[in-house]
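> The file below is model28.cif, mmCIF, C-alpha atoms, pLDDT in the B column; chains and numbers go by the auth columns:
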data_model
loop_
_atom_site.group_PDB
_atom_site.id
_atom_site.type_symbol
_atom_site.label_atom_id
_atom_site.label_comp_id
_atom_site.label_asym_id
_atom_site.label_seq_id
_atom_site.Cartn_x
_atom_site.Cartn_y
_atom_site.Cartn_z
_atom_site.B_iso_or_equiv
_atom_site.auth_seq_id
_atom_site.auth_asym_id
ATOM 1 C CA MET A 1 16.838 -14.244 -17.102 53.00 160 M
ATOM 2 C CA PRO A 2 14.996 -14.878 -20.385 56.00 161 M
ATOM 3 C CA PRO A 3 14.538 -11.831 -22.631 59.00 162 M
ATOM 4 C CA ARG A 4 11.394 -9.783 -22.088 66.00 163 M
ATOM 5 C CA ARG A 5 8.634 -10.322 -24.600 79.00 164 M
ATOM 6 C CA SER A 6 5.914 -7.969 -25.759 91.00 165 M
ATOM 7 C CA TYR A 7 2.342 -8.832 -26.593 93.00 166 M
ATOM 8 C CA ASP A 8 2.888 -6.777 -29.778 94.00 167 M
ATOM 9 C CA GLN A 9 -0.687 -5.510 -29.674 96.00 168 M
ATOM 10 C CA TYR A 10 -1.733 -1.915 -30.336 96.00 169 M
ATOM 11 C CA CYS A 11 -3.892 -1.916 -27.211 97.00 170 M
ATOM 12 C CA ALA A 12 -3.572 0.174 -24.048 97.00 171 M
ATOM 13 C CA ALA A 13 -4.173 -2.843 -21.778 96.00 172 M
ATOM 14 C CA ALA A 14 -1.552 -4.875 -23.632 96.00 173 M
ATOM 15 C CA ARG A 15 0.955 -2.016 -23.399 95.00 174 M
ATOM 16 C CA ALA A 16 0.295 -1.766 -19.661 96.00 175 M
ATOM 17 C CA LEU A 17 0.858 -5.491 -19.240 95.00 176 M
ATOM 18 C CA ASP A 18 4.070 -5.220 -21.248 95.00 177 M
ATOM 19 C CA ALA A 19 5.280 -2.871 -18.491 95.00 178 M
ATOM 20 C CA VAL A 20 3.867 -4.400 -15.303 96.00 179 M
ATOM 21 C CA GLY A 21 2.475 -7.806 -16.234 95.00 180 M
ATOM 22 C CA ASP A 22 5.481 -9.852 -15.153 94.00 181 M
ATOM 23 C CA ARG A 23 5.226 -11.847 -11.927 95.00 182 M
ATOM 24 C CA TRP A 24 6.249 -9.756 -8.879 97.00 183 M
ATOM 25 C CA THR A 25 6.271 -6.367 -10.629 98.00 184 M
ATOM 26 C CA LEU A 26 2.998 -5.070 -9.202 98.00 185 M
ATOM 27 C CA LEU A 27 3.905 -6.368 -5.751 98.00 186 M
ATOM 28 C CA ILE A 28 7.154 -4.410 -5.969 98.00 187 M
ATOM 29 C CA VAL A 29 5.041 -1.363 -6.819 98.00 188 M
ATOM 30 C CA ARG A 30 2.916 -2.130 -3.741 97.00 189 M
ATOM 31 C CA GLU A 31 6.053 -2.051 -1.598 97.00 190 M
ATOM 32 C CA LEU A 32 7.411 1.143 -3.157 97.00 191 M
ATOM 33 C CA LEU A 33 4.094 2.935 -2.638 95.00 192 M
ATOM 34 C CA VAL A 34 5.118 2.780 1.044 94.00 193 M
ATOM 35 C CA GLY A 35 8.036 5.070 0.183 93.00 194 M
ATOM 36 C CA PRO A 36 11.724 4.680 -0.713 94.00 195 M
ATOM 37 C CA ARG A 37 12.980 1.187 0.112 96.00 196 M
ATOM 38 C CA ARG A 38 16.376 -0.451 0.221 96.00 197 M
ATOM 39 C CA TYR A 39 16.877 -3.630 -1.787 97.00 198 M
ATOM 40 C CA THR A 40 17.156 -5.654 1.433 96.00 199 M
ATOM 41 C CA ASP A 41 13.862 -4.199 2.711 96.00 200 M
ATOM 42 C CA LEU A 42 12.121 -5.098 -0.534 98.00 201 M
ATOM 43 C CA HIS A 43 13.474 -8.631 -0.405 98.00 202 M
ATOM 44 C CA ALA A 44 12.346 -9.045 3.203 96.00 203 M
ATOM 45 C CA ASP A 45 8.790 -7.868 2.449 97.00 204 M
ATOM 46 C CA LEU A 46 8.421 -9.956 -0.712 98.00 205 M
ATOM 47 C CA PRO A 47 8.661 -13.487 0.710 97.00 206 M
ATOM 48 C CA GLY A 48 9.300 -16.002 -2.035 96.00 207 M
ATOM 49 C CA VAL A 49 11.003 -13.760 -4.585 98.00 208 M
ATOM 50 C CA SER A 50 14.534 -14.742 -5.569 97.00 209 M
ATOM 51 C CA THR A 51 17.313 -12.169 -5.524 97.00 210 M
ATOM 52 C CA ASP A 52 17.834 -12.584 -9.293 97.00 211 M
ATOM 53 C CA VAL A 53 14.176 -11.990 -10.115 97.00 212 M
ATOM 54 C CA LEU A 54 13.915 -8.993 -7.781 98.00 213 M
ATOM 55 C CA ALA A 55 17.027 -7.400 -9.283 97.00 214 M
ATOM 56 C CA SER A 56 15.730 -8.052 -12.808 96.00 215 M
ATOM 57 C CA ARG A 57 12.300 -6.574 -12.084 97.00 216 M
ATOM 58 C CA LEU A 58 13.804 -3.456 -10.491 98.00 217 M
ATOM 59 C CA LYS A 59 16.076 -2.975 -13.501 97.00 218 M
ATOM 60 C CA ASP A 60 13.087 -3.313 -15.843 96.00 219 M
ATOM 61 C CA MET A 61 11.117 -0.794 -13.766 97.00 220 M
ATOM 62 C CA GLU A 62 13.986 1.698 -13.986 97.00 221 M
ATOM 63 C CA GLN A 63 14.241 1.252 -17.748 95.00 222 M
ATOM 64 C CA ARG A 64 10.497 1.789 -18.161 96.00 223 M
ATOM 65 C CA GLY A 65 10.511 4.937 -16.053 97.00 224 M
ATOM 66 C CA LEU A 66 8.496 3.459 -13.186 98.00 225 M
ATOM 67 C CA ALA A 67 11.193 3.578 -10.507 98.00 226 M
ATOM 68 C CA THR A 68 14.532 5.219 -9.813 98.00 227 M
ATOM 69 C CA ARG A 69 17.519 4.295 -7.664 97.00 228 M
ATOM 70 C CA ARG A 70 19.369 6.902 -5.624 95.00 229 M
ATOM 71 C CA ARG A 71 21.988 7.023 -2.908 93.00 230 M
ATOM 72 C CA LEU A 72 20.988 8.299 0.513 90.00 231 M
ATOM 73 C CA PRO A 73 22.914 11.336 1.780 88.00 232 M
ATOM 74 C CA ALA A 74 25.881 10.900 4.127 81.00 233 M
ATOM 75 C CA PRO A 75 26.576 9.356 6.530 84.00 234 M
ATOM 76 C CA SER A 76 24.458 6.565 4.991 80.00 235 M
ATOM 77 C CA ALA A 77 25.973 4.757 2.050 81.00 236 M
ATOM 78 C CA ALA A 78 22.796 2.850 1.185 91.00 237 M
ATOM 79 C CA TYR A 79 20.857 3.030 -2.062 95.00 238 M
ATOM 80 C CA VAL A 80 17.062 3.135 -2.166 97.00 239 M
ATOM 81 C CA TYR A 81 14.499 2.532 -4.863 98.00 240 M
ATOM 82 C CA GLU A 82 11.470 4.781 -5.217 97.00 241 M
ATOM 83 C CA LEU A 83 8.616 5.224 -7.639 97.00 242 M
ATOM 84 C CA THR A 84 8.540 7.946 -10.246 96.00 243 M
ATOM 85 C CA GLY A 85 5.368 9.932 -10.884 94.00 244 M
ATOM 86 C CA ARG A 86 4.514 7.401 -13.586 96.00 245 M
ATOM 87 C CA GLY A 87 4.983 4.578 -11.088 96.00 246 M
ATOM 88 C CA ARG A 88 2.828 6.263 -8.436 95.00 247 M
ATOM 89 C CA GLU A 89 0.002 6.472 -10.960 95.00 248 M
ATOM 90 C CA LEU A 90 -0.360 2.714 -10.482 96.00 249 M
ATOM 91 C CA LEU A 91 -1.927 3.323 -7.055 95.00 250 M
ATOM 92 C CA PRO A 92 -5.555 3.119 -8.312 93.00 251 M
ATOM 93 C CA VAL A 93 -4.628 -0.010 -10.275 96.00 252 M
ATOM 94 C CA LEU A 94 -3.400 -1.667 -7.082 96.00 253 M
ATOM 95 C CA GLU A 95 -6.475 -0.403 -5.216 94.00 254 M
ATOM 96 C CA ALA A 96 -8.758 -1.964 -7.803 94.00 255 M
ATOM 97 C CA LEU A 97 -6.852 -5.250 -7.714 96.00 256 M
ATOM 98 C CA ALA A 98 -7.026 -5.300 -3.910 95.00 257 M
ATOM 99 C CA ALA A 99 -10.790 -4.677 -3.985 93.00 258 M
ATOM 100 C CA TRP A 100 -11.258 -7.412 -6.577 95.00 259 M
ATOM 101 C CA GLY A 101 -9.096 -9.845 -4.617 95.00 260 M
ATOM 102 C CA ALA A 102 -10.590 -9.131 -1.182 94.00 261 M
ATOM 103 C CA PRO A 103 -13.293 -11.843 -1.456 93.00 262 M
ATOM 104 C CA ALA A 104 -10.466 -14.406 -1.772 93.00 263 M
ATOM 105 C CA LEU A 105 -9.138 -13.461 1.678 92.00 264 M
ATOM 106 C CA GLU A 106 -10.787 -16.270 3.523 86.00 265 M
ATOM 107 C CA GLU A 107 -9.112 -18.180 6.361 87.00 266 M
ATOM 108 C CA ARG A 108 -5.388 -17.412 6.471 91.00 267 M
ATOM 109 C CA ARG A 109 -3.378 -20.411 5.310 91.00 268 M
ATOM 110 C CA PRO A 110 -0.423 -21.658 7.381 92.00 269 M
ATOM 111 C CA THR A 111 1.912 -20.794 4.505 94.00 270 M
ATOM 112 C CA ASP A 112 0.584 -17.232 4.104 95.00 271 M
ATOM 113 C CA ALA A 113 2.981 -14.435 4.982 96.00 272 M
ATOM 114 C CA VAL A 114 1.454 -11.196 6.233 95.00 273 M
ATOM 115 C CA ARG A 115 2.662 -7.635 6.750 96.00 274 M
ATOM 116 C CA ALA A 116 0.536 -4.954 8.367 96.00 275 M
ATOM 117 C CA HIS A 117 1.028 -2.450 5.532 96.00 276 M
ATOM 118 C CA TRP A 118 -0.446 -4.908 3.024 96.00 277 M
ATOM 119 C CA PHE A 119 -3.846 -3.918 4.432 96.00 278 M
ATOM 120 C CA ALA A 120 -3.299 -0.263 3.521 95.00 279 M
ATOM 121 C CA LEU A 121 -4.402 -0.528 -0.119 93.00 280 M
ATOM 122 C CA PRO A 122 -7.868 -2.020 0.502 93.00 281 M
ATOM 123 C CA LEU A 123 -8.469 0.357 3.422 94.00 282 M
ATOM 124 C CA LEU A 124 -7.666 3.619 1.607 92.00 283 M
ATOM 125 C CA ARG A 125 -11.210 4.166 0.361 90.00 284 M
ATOM 126 C CA PRO A 126 -13.040 3.007 3.517 92.00 285 M
ATOM 127 C CA LEU A 127 -10.864 5.311 5.625 93.00 286 M
ATOM 128 C CA ALA A 128 -11.362 8.239 3.262 90.00 287 M
ATOM 129 C CA ALA A 129 -15.133 7.677 3.330 90.00 288 M
ATOM 130 C CA ALA A 130 -15.149 7.456 7.116 91.00 289 M
ATOM 131 C CA GLY A 131 -13.063 10.623 7.395 89.00 290 M
ATOM 132 C CA ALA A 132 -15.937 12.606 5.842 83.00 291 M
ATOM 133 C CA GLY A 133 -13.603 14.930 3.955 85.00 292 M
ATOM 134 C CA ALA A 134 -11.281 15.648 6.890 90.00 293 M
ATOM 135 C CA GLU A 135 -7.555 15.823 6.194 91.00 294 M
ATOM 136 C CA GLY A 136 -4.839 14.217 8.266 94.00 295 M
ATOM 137 C CA VAL A 137 -2.826 11.108 9.009 96.00 296 M
ATOM 138 C CA VAL A 138 -4.411 7.941 10.360 96.00 297 M
ATOM 139 C CA GLU A 139 -2.258 5.353 12.118 97.00 298 M
ATOM 140 C CA VAL A 140 -3.652 1.821 11.884 97.00 299 M
ATOM 141 C CA ARG A 141 -2.461 -0.580 14.580 97.00 300 M
ATOM 142 C CA LEU A 142 -2.737 -4.364 14.302 97.00 301 M
ATOM 143 C CA ASP A 143 -1.127 -7.251 16.150 95.00 302 M
ATOM 144 C CA GLU A 144 0.998 -7.758 13.020 94.00 303 M
ATOM 145 C CA GLY A 145 2.345 -4.197 13.147 96.00 304 M
ATOM 146 C CA CYS A 146 1.143 -0.781 12.085 97.00 305 M
ATOM 147 C CA PHE A 147 0.997 1.503 9.086 97.00 306 M
ATOM 148 C CA HIS A 148 -0.197 5.027 8.423 96.00 307 M
ATOM 149 C CA VAL A 149 -2.397 6.571 5.759 95.00 308 M
ATOM 150 C CA ARG A 150 -2.506 10.207 4.649 93.00 309 M
ATOM 151 C CA LEU A 151 -6.022 11.432 3.854 92.00 310 M
ATOM 152 C CA THR A 152 -6.230 14.512 1.648 87.00 311 M
ATOM 153 C CA GLY A 153 -9.888 15.301 2.254 78.00 312 M
ATOM 154 C CA GLY A 154 -10.657 15.170 -1.456 68.00 313 M
ATOM 155 C CA GLU A 155 -9.590 13.461 -4.638 65.00 314 M
ATOM 156 C CA GLN A 156 -6.364 11.540 -4.121 61.00 315 M
ATOM 157 C CA THR A 157 -3.288 12.875 -5.866 62.00 316 M
ATOM 158 C CA TYR A 158 -0.250 10.808 -6.747 60.00 317 M
ATOM 159 C CA ASP A 159 2.518 13.370 -6.296 59.00 318 M
ATOM 160 C CA GLU A 160 3.183 12.387 -2.695 66.00 319 M
ATOM 161 C CA GLN A 161 3.290 9.291 -0.533 75.00 320 M
ATOM 162 C CA THR A 162 -0.201 8.060 0.369 88.00 321 M
ATOM 163 C CA TYR A 163 0.652 5.437 2.974 92.00 322 M
ATOM 164 C CA GLY A 164 3.683 4.166 4.814 94.00 323 M
ATOM 165 C CA ASP A 165 4.891 1.290 6.929 95.00 324 M
ATOM 166 C CA GLY A 166 5.179 1.784 10.687 95.00 325 M
ATOM 167 C CA PRO A 167 4.082 4.717 12.847 95.00 326 M
ATOM 168 C CA ALA A 168 3.498 8.120 11.247 92.00 327 M
ATOM 169 C CA PRO A 169 6.924 9.841 11.404 91.00 328 M
ATOM 170 C CA ASP A 170 5.466 13.231 12.385 91.00 329 M
ATOM 171 C CA GLY A 171 2.683 11.883 14.567 93.00 330 M
ATOM 172 C CA ALA A 172 -0.864 10.893 13.657 96.00 331 M
ATOM 173 C CA ASP A 173 -4.101 12.862 13.848 96.00 332 M
ATOM 174 C CA ALA A 174 -6.021 9.688 14.673 96.00 333 M
ATOM 175 C CA ALA A 175 -5.188 6.091 15.512 97.00 334 M
ATOM 176 C CA LEU A 176 -7.259 2.980 14.844 97.00 335 M
ATOM 177 C CA THR A 177 -6.661 -0.247 16.765 98.00 336 M
ATOM 178 C CA LEU A 178 -8.208 -3.355 15.235 97.00 337 M
ATOM 179 C CA ASP A 179 -7.366 -6.880 14.099 96.00 338 M
ATOM 180 C CA ALA A 180 -6.659 -8.396 10.706 95.00 339 M
ATOM 181 C CA GLY A 181 -10.106 -9.977 10.484 95.00 340 M
ATOM 182 C CA THR A 182 -11.704 -6.554 10.846 97.00 341 M
ATOM 183 C CA CYS A 183 -9.409 -5.193 8.127 96.00 342 M
ATOM 184 C CA VAL A 184 -10.556 -7.978 5.824 95.00 343 M
ATOM 185 C CA ALA A 185 -14.229 -7.276 6.588 96.00 344 M
ATOM 186 C CA MET A 186 -13.696 -3.592 5.778 95.00 345 M
ATOM 187 C CA SER A 187 -11.843 -4.382 2.558 94.00 346 M
ATOM 188 C CA ARG A 188 -14.767 -6.577 1.447 93.00 347 M
ATOM 189 C CA GLY A 189 -17.264 -3.827 2.171 93.00 348 M
ATOM 190 C CA GLU A 190 -18.888 -5.891 4.915 95.00 349 M
ATOM 191 C CA LEU A 191 -18.061 -3.372 7.652 95.00 350 M
ATOM 192 C CA THR A 192 -17.568 0.392 7.845 93.00 351 M
ATOM 193 C CA VAL A 193 -15.334 2.154 10.339 93.00 352 M
ATOM 194 C CA GLY A 194 -18.386 3.488 12.171 93.00 353 M
ATOM 195 C CA GLU A 195 -19.958 0.051 12.417 95.00 354 M
ATOM 196 C CA GLY A 196 -16.683 -1.374 13.680 96.00 355 M
ATOM 197 C CA VAL A 197 -16.485 1.310 16.364 95.00 356 M
ATOM 198 C CA ARG A 198 -20.076 0.698 17.503 95.00 357 M
ATOM 199 C CA GLN A 199 -19.496 -3.065 17.585 96.00 358 M
ATOM 200 C CA GLY A 200 -16.331 -2.673 19.635 96.00 359 M
ATOM 201 C CA ARG A 201 -14.129 -4.079 16.885 97.00 360 M
ATOM 202 C CA ILE A 202 -12.309 -0.786 16.236 97.00 361 M
ATOM 203 C CA GLU A 203 -10.924 1.619 18.814 97.00 362 M
ATOM 204 C CA VAL A 204 -10.323 5.204 17.669 97.00 363 M
ATOM 205 C CA SER A 205 -8.002 7.436 19.667 95.00 364 M
ATOM 206 C CA GLY A 206 -7.248 11.126 19.216 95.00 365 M
ATOM 207 C CA GLU A 207 -9.126 14.401 19.575 94.00 366 M
ATOM 208 C CA SER A 208 -8.600 15.920 16.134 94.00 367 M
ATOM 209 C CA VAL A 209 -11.375 16.714 13.670 94.00 368 M
ATOM 210 C CA LEU A 210 -10.362 13.585 11.760 94.00 369 M
ATOM 211 C CA ALA A 211 -10.472 11.376 14.881 94.00 370 M
ATOM 212 C CA LYS A 212 -13.917 12.672 15.785 92.00 371 M
ATOM 213 C CA ALA A 213 -15.169 12.067 12.233 92.00 372 M
ATOM 214 C CA LEU A 214 -13.877 8.481 12.303 92.00 373 M
ATOM 215 C CA ARG A 215 -15.407 7.891 15.741 88.00 374 M
ATOM 216 C CA GLU A 216 -18.809 9.340 14.912 82.00 375 M
ATOM 217 C CA MET A 217 -19.461 8.030 11.402 72.00 376 M
#
Taking this structure as input, can you express it in the form of structure tokens?

Amino acid sequence: MPPRRSYDQYCAAARALDAVGDRWTLLIVRELLVGPRRYTDLHADLPGVSTDVLASRLKDMEQRGLATRRRLPAPSAAYVYELTGRGRELLPVLEALAAWGAPALEERRPTDAVRAHWFALPLLRPLAAAGAGAEGVVEVRLDEGCFHVRLTGGEQTYDEQTYGDGPAPDGADAALTLDAGTCVAMSRGELTVGEGVRQGRIEVSGESVLAKALREM
């Protein structure tokens, strides 16, 4: 790999881009926001990245204090990568990028890969708004798979995992069933959870305070 270069500018934005401006780095952060991931999992959920580039980016992220690598306890012999506190602070950056990029999600191209948990970032704020301050875990189910989001009921903190791939490991307080098109409409601000429920585009299940808030908004 060619040596890393700096913008050599005494500017906060330039320093940030020195750290995360390389191709694939922010998408690796997106994947690690899901939680600890094995190298093979990262490679599978980053279609198009070469093994050399992925290894190089992960090494850079470790050196810059954005990610760490650790061995899982026995009997597993696997290693996983996970974000540091500094790395998790990139969550609002990814949220802002997802909101800015949402208008470009037009018709899905035949070459476009998709993973259910890629919809988590643009849905964090709409789900928090629909939850009306209630705390709990929301499981979002699509034809492409499912993911879960943890709502804190207030200002989001970055010291714990905010969303994850697959079903909620300890069960969900509410579940939303919808399709990818509805996710896109929500991420663009064209549809709220409540509007989706009333239009029959979103089904909410569960009897918790959070489920009732999502159903009634």
> Tell me, as a PyMOL selection string, which residues lie within 8 Å of Tyr166 (chain M), counting only C-alpha atoms; anything in the same chain fewer than 4 positions away does not count.
chain M and resi 173-174+177
> Take the residues that were just selected and, keeping C-alpha atoms, output them as a compact mmCIF listing (two decimals), in the frame of the given file.

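This is the output file selection02.txt:
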# COMPACT_ATOMS: atom_id res chain seq x y z
CA ALA M 173 -1.55 -4.88 -23.63
CA ARG M 174 0.96 -2.02 -23.40
CA ASP M 177 4.07 -5.22 -21.25
> Taking 5 positions as the minimum chain separation for residues in the same chain, which residues sit within 12 Å of region 211-220 of chain M when counting only C-alpha atoms? Answer as a PyMOL selection string.
chain M and resi 160-163+177-188+190-191+196-206+225-228+239-243+245-246
> If the PyMOL selection byres ((chain M and resi 367) around 12) is run on the structure shown, which residues does it catch, given as a VMD selection string?
chain M and resid 290 293 to 297 331 to 334 363 to 366 368 to 374
> Return as a tab-separated table the residues of region 166-243 of chain M lying at most 7 Å from region 318-330 of chain M, together with the closest atom-to-atom pair for each and the distance in Å to one decimal, counting all atoms listed in the file, with rows in chain order and ascending residue number.

residue	atom	partner	partner_atom	distance
M:Leu192	CA	M:Gln320	CA	6.7
M:Val193	CA	M:Gly323	CA	4.3
M:Gly194	CA	M:Gln320	CA	6.4
> Expand the PyMOL selection byres ((chain M and resi 338-342) around 10) into the explicit residue set it covers here, and present it as a ChimeraX atom specification.
/M:264-267,273,275,278-279,281-282,299-303,335-337,343-352,355,360-361
> Please determine, counting only C-alpha atoms, which residue among M:His276, M:Arg223, M:Arg357, M:Arg309 has the shortest atom-to-atom distance to Ala175 (chain M).
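Checking each candidate against Ala175 (chain M), we get M:Arg223 as the closest.
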